[in-house]
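Right, one structure below, let's go through it.
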Amino acid sequence: LVQASVGHGWLLGEKFPYQSHVNFTNGVAVQSVCPCDEGFKEYIYGVLRTIALCNPDHIMIDDDFRTIWFKGEGCACPLHMERFNKRVGASLTRDELWEIVNKRSELSKRYTDAFIEVQRESLLETARIMRDGIDSVNPSIPASYCCCGNNAEFASEIASILSGKNNPVVVRINNGNYTPQGARYLSRVFHRAATQIAKLRGKVDVILAETDTCPQNRYSTSAMSLHSHFTGTILE
């Protein structure tokens with residue numbers, strides 16, 4: 001499991017030398033990398049190449065590899081805004097675009113679709129770089145993708161790129177139940193799993209469920225809760 005690529009947004013001990021993800025909602029730069037950054041692409045290529053040199057049976061990219069399913073609802077850094085403006089033939093700032101997309105109009109719909117497409121393209125481009133890093137060592141190594149949230153953000157396309165030639169397309173859905181608030185909320189977890197499965201069914205070869213990867217004391221659950229989670233996920 002490659003547990004971080006662009007980063008989950010957690011506080012870092014040392015700042016990375018790449019373009020930060022900038023929240024579309026408020027313009028705040030967070031502790032995650034923008035996948036458009038060319039220096040980051042070079043770095044992540046080297047990371048995947050180094051991992052491939054260890055000859056693993058499988059490589060799984062964790063669910064931080066995303067842009068929209070962060071609290072900021074997409075990356076509106078200078079690199080993404082440049083791509084967006086080029087696509088629509090405009091010269092908007094993040095503030096101006098945010099104001100437009102929150103109105104109900106034809107222009108809002110067009111700009112929202114274009115913004116989403118720019119997010120999608122940036123992730124797919126960098127997924128190809130990751131796969132190139134693996135292929136530079138051994139093209140037969142299979143790889144998969146972990147998606148996040150009900151949206152399954154571009155998961156089937158990312159997983160198809162990462163999988164490699166002649167390998168099954170595998171997605172691990174976002175299905176953890178870390179530090180649960182009690183049994184009354186367990187149905188929410190089942191609903192999240194069902195939503196993602198419905199969106200991915202027929203688009204990928206294998207759907208895995210993140211019920212828990214290993215005992216994690218920080219995010220512990222009772223044995224009864226864990227077994228109920230397993231059962232519910234299998235039924236979905």
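Please note that chains go A, B, ... in the order of the structure tokens, that every chain numbers its residues from 1, and that ligands are numbered from 1 in the order shown.
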Taking a cut-off of 10 Å and counting only C-alpha atoms, can you build a table that, for each residue of region 63-90 of chain A near region 120-144 of chain A, reports the nearest atom pair and how far apart they are in Å (one decimal), sorted by chain then residue number, as a Markdown table?
```
| residue | atom | partner | partner_atom | distance |
| --- | --- | --- | --- | --- |
| A:Phe65 | CA | A:Leu123 | CA | 7.6 |
| A:Arg66 | CA | A:Leu123 | CA | 7.0 |
| A:Thr67 | CA | A:Leu123 | CA | 7.9 |
| A:Ile68 | CA | A:Arg120 | CA | 9.0 |
| A:Leu79 | CA | A:Ser122 | CA | 9.9 |
| A:His80 | CA | A:Ser122 | CA | 8.3 |
| A:Arg83 | CA | A:Ser122 | CA | 9.5 |
```
Keeping only N, CA, C and O atoms, write the selected residues to a file as an mmCIF file, in the first residue's frame.
```cif
data_model
loop_
_atom_site.group_PDB
_atom_site.id
_atom_site.type_symbol
_atom_site.label_atom_id
_atom_site.label_comp_id
_atom_site.auth_asym_id
_atom_site.auth_seq_id
_atom_site.Cartn_x
_atom_site.Cartn_y
_atom_site.Cartn_z
ATOM 1 N N PHE A 65 -5.109 10.082 -3.313
ATOM 2 C CA PHE A 65 -4.921 10.490 -4.714
ATOM 3 C C PHE A 65 -6.270 10.939 -5.277
ATOM 4 O O PHE A 65 -7.010 10.171 -5.910
ATOM 5 N N ARG A 66 -6.594 12.203 -5.027
ATOM 6 C CA ARG A 66 -7.878 12.778 -5.407
ATOM 7 C C ARG A 66 -7.762 14.295 -5.358
ATOM 8 O O ARG A 66 -6.775 14.819 -4.850
ATOM 9 N N THR A 67 -8.750 14.988 -5.847
ATOM 10 C CA THR A 67 -8.773 16.451 -5.739
ATOM 11 C C THR A 67 -10.121 16.964 -5.243
ATOM 12 O O THR A 67 -10.185 17.778 -4.339
ATOM 13 N N ILE A 68 -11.216 16.460 -5.817
ATOM 14 C CA ILE A 68 -12.534 16.995 -5.470
ATOM 15 C C ILE A 68 -12.995 16.519 -4.099
ATOM 16 O O ILE A 68 -13.604 17.275 -3.343
ATOM 17 N N LEU A 79 -1.956 26.388 -11.187
ATOM 18 C CA LEU A 79 -1.815 25.431 -12.283
ATOM 19 C C LEU A 79 -3.179 24.956 -12.786
ATOM 20 O O LEU A 79 -3.412 24.884 -13.999
ATOM 21 N N HIS A 80 -4.068 24.641 -11.868
ATOM 22 C CA HIS A 80 -5.409 24.211 -12.268
ATOM 23 C C HIS A 80 -6.210 25.365 -12.876
ATOM 24 O O HIS A 80 -6.966 25.170 -13.837
ATOM 25 N N ARG A 83 -5.198 25.925 -16.447
ATOM 26 C CA ARG A 83 -5.804 24.911 -17.319
ATOM 27 C C ARG A 83 -7.283 25.202 -17.553
ATOM 28 O O ARG A 83 -7.782 25.055 -18.674
#
```
### Message
I need the residues of region 94-200 of chain A that end up classed as strand (DSSP E) by DSSP on the backbone, written out as a list in words.
### Response
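Of region 94-200 of chain A, only Ala143, Ser144, Tyr145, Cys146, Val170, Val171, Arg172 and Ile173 of chain A fall in strand (DSSP E).
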### Task
Could you give me, as a VMD selection string, the residues within 12 Å of region 109-119 of chain A, counting only C-alpha atoms and dropping anything in the same chain fewer than 2 positions from it?
chain A and resid 21 24 34 to 36 65 to 69 73 to 77 79 to 90 92 94 96 to 107 121 to 126 153 to 154
With N, CA and C atoms kept, could you save the residues just selected as a compact mmCIF listing (two decimals), in the first residue's frame?
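Output contents, as saved in again.txt:
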```txt
# COMPACT_ATOMS: atom_id res chain seq x y z
N HIS A 21 -2.08 21.95 -3.07
CA HIS A 21 -3.50 21.92 -3.40
C HIS A 21 -4.13 23.17 -2.76
N PHE A 24 -10.80 25.05 -3.58
CA PHE A 24 -11.68 25.81 -4.46
C PHE A 24 -12.63 26.69 -3.64
N CYS A 34 -0.59 19.41 -5.46
CA CYS A 34 -1.37 19.44 -6.69
C CYS A 34 -0.77 18.44 -7.68
N PRO A 35 -1.58 17.54 -8.25
CA PRO A 35 -1.04 16.55 -9.18
C PRO A 35 -0.55 17.13 -10.50
N CYS A 36 -0.84 18.42 -10.75
CA CYS A 36 -0.37 19.05 -12.00
C CYS A 36 1.12 19.40 -11.95
N PHE A 65 -5.11 10.08 -3.31
CA PHE A 65 -4.92 10.49 -4.71
C PHE A 65 -6.27 10.94 -5.28
N ARG A 66 -6.59 12.20 -5.03
CA ARG A 66 -7.88 12.78 -5.41
C ARG A 66 -7.76 14.29 -5.36
N THR A 67 -8.75 14.99 -5.85
CA THR A 67 -8.77 16.45 -5.74
C THR A 67 -10.12 16.96 -5.24
N ILE A 68 -11.22 16.46 -5.82
CA ILE A 68 -12.53 16.99 -5.47
C ILE A 68 -13.00 16.52 -4.10
N TRP A 69 -12.71 15.27 -3.76
CA TRP A 69 -13.20 14.73 -2.49
C TRP A 69 -12.28 15.12 -1.33
N GLU A 73 -13.33 20.92 -2.11
CA GLU A 73 -14.13 20.66 -3.30
C GLU A 73 -13.39 20.89 -4.61
N GLY A 74 -12.12 20.54 -4.62
CA GLY A 74 -11.33 20.66 -5.84
C GLY A 74 -10.12 21.54 -5.63
N CYS A 75 -9.15 21.40 -6.54
CA CYS A 75 -7.93 22.21 -6.47
C CYS A 75 -8.05 23.40 -7.43
N ALA A 76 -7.91 24.60 -6.87
CA ALA A 76 -7.96 25.82 -7.68
C ALA A 76 -6.64 26.58 -7.56
N CYS A 77 -5.55 25.83 -7.55
CA CYS A 77 -4.22 26.44 -7.52
C CYS A 77 -3.95 27.13 -8.85
N LEU A 79 -1.96 26.39 -11.19
CA LEU A 79 -1.81 25.43 -12.28
C LEU A 79 -3.18 24.96 -12.79
N HIS A 80 -4.07 24.64 -11.87
CA HIS A 80 -5.41 24.21 -12.27
C HIS A 80 -6.21 25.36 -12.88
N MET A 81 -6.06 26.57 -12.30
CA MET A 81 -6.80 27.71 -12.85
C MET A 81 -6.31 28.06 -14.25
N GLU A 82 -5.03 27.92 -14.50
CA GLU A 82 -4.50 28.17 -15.84
C GLU A 82 -5.11 27.18 -16.84
N ARG A 83 -5.20 25.92 -16.45
CA ARG A 83 -5.80 24.91 -17.32
C ARG A 83 -7.28 25.20 -17.55
N PHE A 84 -7.97 25.57 -16.48
CA PHE A 84 -9.39 25.86 -16.62
C PHE A 84 -9.62 27.03 -17.57
N ASN A 85 -8.91 28.12 -17.35
CA ASN A 85 -9.09 29.31 -18.20
C ASN A 85 -8.76 29.03 -19.65
N LYS A 86 -7.75 28.22 -19.89
CA LYS A 86 -7.40 27.85 -21.26
C LYS A 86 -8.52 27.03 -21.89
N ARG A 87 -9.13 26.16 -21.12
CA ARG A 87 -10.21 25.31 -21.64
C ARG A 87 -11.43 26.11 -22.03
N VAL A 88 -11.80 27.11 -21.21
CA VAL A 88 -13.05 27.85 -21.46
C VAL A 88 -12.81 29.19 -22.15
N GLY A 89 -11.55 29.57 -22.35
CA GLY A 89 -11.26 30.85 -23.00
C GLY A 89 -11.58 32.03 -22.13
N ALA A 90 -11.22 31.94 -20.85
CA ALA A 90 -11.50 33.02 -19.90
C ALA A 90 -10.23 33.39 -19.15
N LEU A 92 -10.42 33.99 -15.43
CA LEU A 92 -11.07 34.12 -14.13
C LEU A 92 -10.11 33.81 -12.98
N ARG A 94 -9.88 32.41 -8.90
CA ARG A 94 -10.62 31.41 -8.13
C ARG A 94 -11.88 32.01 -7.54
N GLU A 96 -13.70 34.53 -8.54
CA GLU A 96 -14.70 34.79 -9.57
C GLU A 96 -15.38 33.50 -10.03
N LEU A 97 -14.58 32.45 -10.20
CA LEU A 97 -15.14 31.18 -10.64
C LEU A 97 -16.05 30.59 -9.56
N TRP A 98 -15.63 30.67 -8.32
CA TRP A 98 -16.44 30.15 -7.22
C TRP A 98 -17.80 30.85 -7.16
N GLU A 99 -17.80 32.14 -7.38
CA GLU A 99 -19.06 32.89 -7.37
C GLU A 99 -19.97 32.45 -8.51
N ILE A 100 -19.39 32.23 -9.68
CA ILE A 100 -20.20 31.84 -10.84
C ILE A 100 -20.81 30.45 -10.67
N VAL A 101 -20.00 29.48 -10.22
CA VAL A 101 -20.50 28.11 -10.14
C VAL A 101 -21.56 27.93 -9.06
N ASN A 102 -21.68 28.89 -8.15
CA ASN A 102 -22.70 28.81 -7.12
C ASN A 102 -24.01 29.48 -7.52
N LYS A 103 -24.09 29.89 -8.78
CA LYS A 103 -25.34 30.43 -9.32
C LYS A 103 -25.97 29.40 -10.26
N ARG A 104 -27.27 29.43 -10.38
CA ARG A 104 -27.98 28.49 -11.25
C ARG A 104 -28.15 29.13 -12.62
N SER A 105 -27.26 28.79 -13.53
CA SER A 105 -27.30 29.35 -14.87
C SER A 105 -26.60 28.41 -15.84
N GLU A 106 -26.78 28.64 -17.12
CA GLU A 106 -26.11 27.84 -18.14
C GLU A 106 -24.59 28.00 -18.04
N LEU A 107 -24.17 29.23 -17.76
CA LEU A 107 -22.73 29.48 -17.63
C LEU A 107 -22.17 28.72 -16.43
N GLU A 121 -8.61 15.32 -15.60
CA GLU A 121 -7.43 15.20 -16.47
C GLU A 121 -6.13 15.20 -15.67
N SER A 122 -6.05 16.04 -14.67
CA SER A 122 -4.81 16.14 -13.89
C SER A 122 -4.53 14.83 -13.15
N LEU A 123 -5.57 14.18 -12.64
CA LEU A 123 -5.39 12.91 -11.94
C LEU A 123 -5.01 11.79 -12.90
N LEU A 124 -5.68 11.75 -14.05
CA LEU A 124 -5.37 10.69 -15.01
C LEU A 124 -3.96 10.83 -15.56
N GLU A 125 -3.52 12.06 -15.80
CA GLU A 125 -2.15 12.29 -16.28
C GLU A 125 -1.13 11.74 -15.28
N THR A 126 -1.34 12.05 -14.01
CA THR A 126 -0.37 11.63 -13.00
C THR A 126 -0.48 10.13 -12.74
N GLU A 153 -14.62 9.05 -6.97
CA GLU A 153 -14.12 10.08 -7.89
C GLU A 153 -13.16 9.55 -8.97
N PHE A 154 -13.67 9.41 -10.20
CA PHE A 154 -12.89 8.96 -11.35
C PHE A 154 -12.19 7.62 -11.09
```
### Query
Any idea what the distance is between CA of Val28 (chain A) and CA of Lys71 (chain A)?
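Result for CA of Val28 (chain A) versus CA of Lys71 (chain A): 10.7 Å, one decimal.
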### Query
How would you write, as a ChimeraX atom specification, the set of residues in region 4-131 of chain A that DSSP gives as helix (DSSP H, G or I)?
/A:38-53,78-88,94-101,106-131
### Query
When you draw a straight line from CA of Glu236 (chain A) to CA of Ala193 (chain A), how long is it in Å?
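The value is 7.3 Å.
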#### Entry: Shortest interatomic distance to Ile44 (chain A) - which of A:Ile61, A:Met224, A:Ile161, A:Cys148, counting only C-alpha atoms
A:Ile61
### Task
Determine, counting only C-alpha atoms, which protein, DNA and RNA residues have an atom within 9 Å of an atom of Ala152 (chain A); residues of the same chain fewer than 5 positions away are not included. Present the result as a ChimeraX atom specification.
/A:69,146-147,173-174,195-197,199-200
Got time to write the residues from that selection, C-alpha atoms, as an mmCIF file, in the first residue's frame?
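Result file is result.cif:
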```
data_model
loop_
_atom_site.group_PDB
_atom_site.id
_atom_site.type_symbol
_atom_site.label_atom_id
_atom_site.label_comp_id
_atom_site.auth_asym_id
_atom_site.auth_seq_id
_atom_site.Cartn_x
_atom_site.Cartn_y
_atom_site.Cartn_z
ATOM 1 C CA TRP A 69 -13.196 14.731 -2.494
ATOM 2 C CA CYS A 146 -8.408 3.094 -3.402
ATOM 3 C CA CYS A 147 -11.256 5.553 -3.857
ATOM 4 C CA ILE A 173 -13.846 1.221 -2.073
ATOM 5 C CA ASN A 174 -13.812 3.674 0.831
ATOM 6 C CA THR A 195 -23.337 3.691 -3.413
ATOM 7 C CA GLN A 196 -19.746 3.110 -4.503
ATOM 8 C CA ILE A 197 -20.418 -0.453 -5.629
ATOM 9 C CA LYS A 199 -21.189 3.360 -9.419
ATOM 10 C CA LEU A 200 -18.348 0.938 -10.130
#
```
### Task
Using only C-alpha atoms, determine which residues lie at most 6 Å from region 8-20 of chain A, disregarding the query and same-chain residues fewer than 5 positions distant; provide the list as a VMD selection string.
chain A and resid 29 31 to 34 37 64
Using only N, CA, C and O atoms, please write the residues we just selected to a file, as an mmCIF file, in the first residue's frame.
```
data_model
loop_
_atom_site.group_PDB
_atom_site.id
_atom_site.type_symbol
_atom_site.label_atom_id
_atom_site.label_comp_id
_atom_site.auth_asym_id
_atom_site.auth_seq_id
_atom_site.Cartn_x
_atom_site.Cartn_y
_atom_site.Cartn_z
ATOM 1 N N ALA A 29 -4.374 27.160 0.904
ATOM 2 C CA ALA A 29 -3.427 26.129 0.481
ATOM 3 C C ALA A 29 -3.273 25.116 1.614
ATOM 4 O O ALA A 29 -3.037 25.492 2.759
ATOM 5 N N GLN A 31 -2.046 20.959 3.099
ATOM 6 C CA GLN A 31 -0.859 20.109 3.152
ATOM 7 C C GLN A 31 -0.982 18.910 2.209
ATOM 8 O O GLN A 31 -0.719 17.771 2.583
ATOM 9 N N SER A 32 -1.374 19.184 0.979
ATOM 10 C CA SER A 32 -1.439 18.167 -0.073
ATOM 11 C C SER A 32 -0.862 18.777 -1.346
ATOM 12 O O SER A 32 -0.876 19.998 -1.512
ATOM 13 N N VAL A 33 -0.388 17.922 -2.234
ATOM 14 C CA VAL A 33 0.267 18.378 -3.455
ATOM 15 C C VAL A 33 -0.742 18.433 -4.600
ATOM 16 O O VAL A 33 -1.623 17.585 -4.713
ATOM 17 N N CYS A 34 -0.594 19.409 -5.465
ATOM 18 C CA CYS A 34 -1.374 19.444 -6.695
ATOM 19 C C CYS A 34 -0.772 18.441 -7.677
ATOM 20 O O CYS A 34 0.437 18.489 -7.946
ATOM 21 N N ASP A 37 1.682 19.501 -10.760
ATOM 22 C CA ASP A 37 3.050 19.989 -10.616
ATOM 23 C C ASP A 37 4.042 19.052 -11.313
ATOM 24 O O ASP A 37 4.091 17.848 -11.020
ATOM 25 N N ASP A 64 -5.726 9.037 -0.916
ATOM 26 C CA ASP A 64 -5.403 10.477 -0.934
ATOM 27 C C ASP A 64 -5.232 10.980 -2.365
ATOM 28 O O ASP A 64 -5.234 12.199 -2.586
#
```
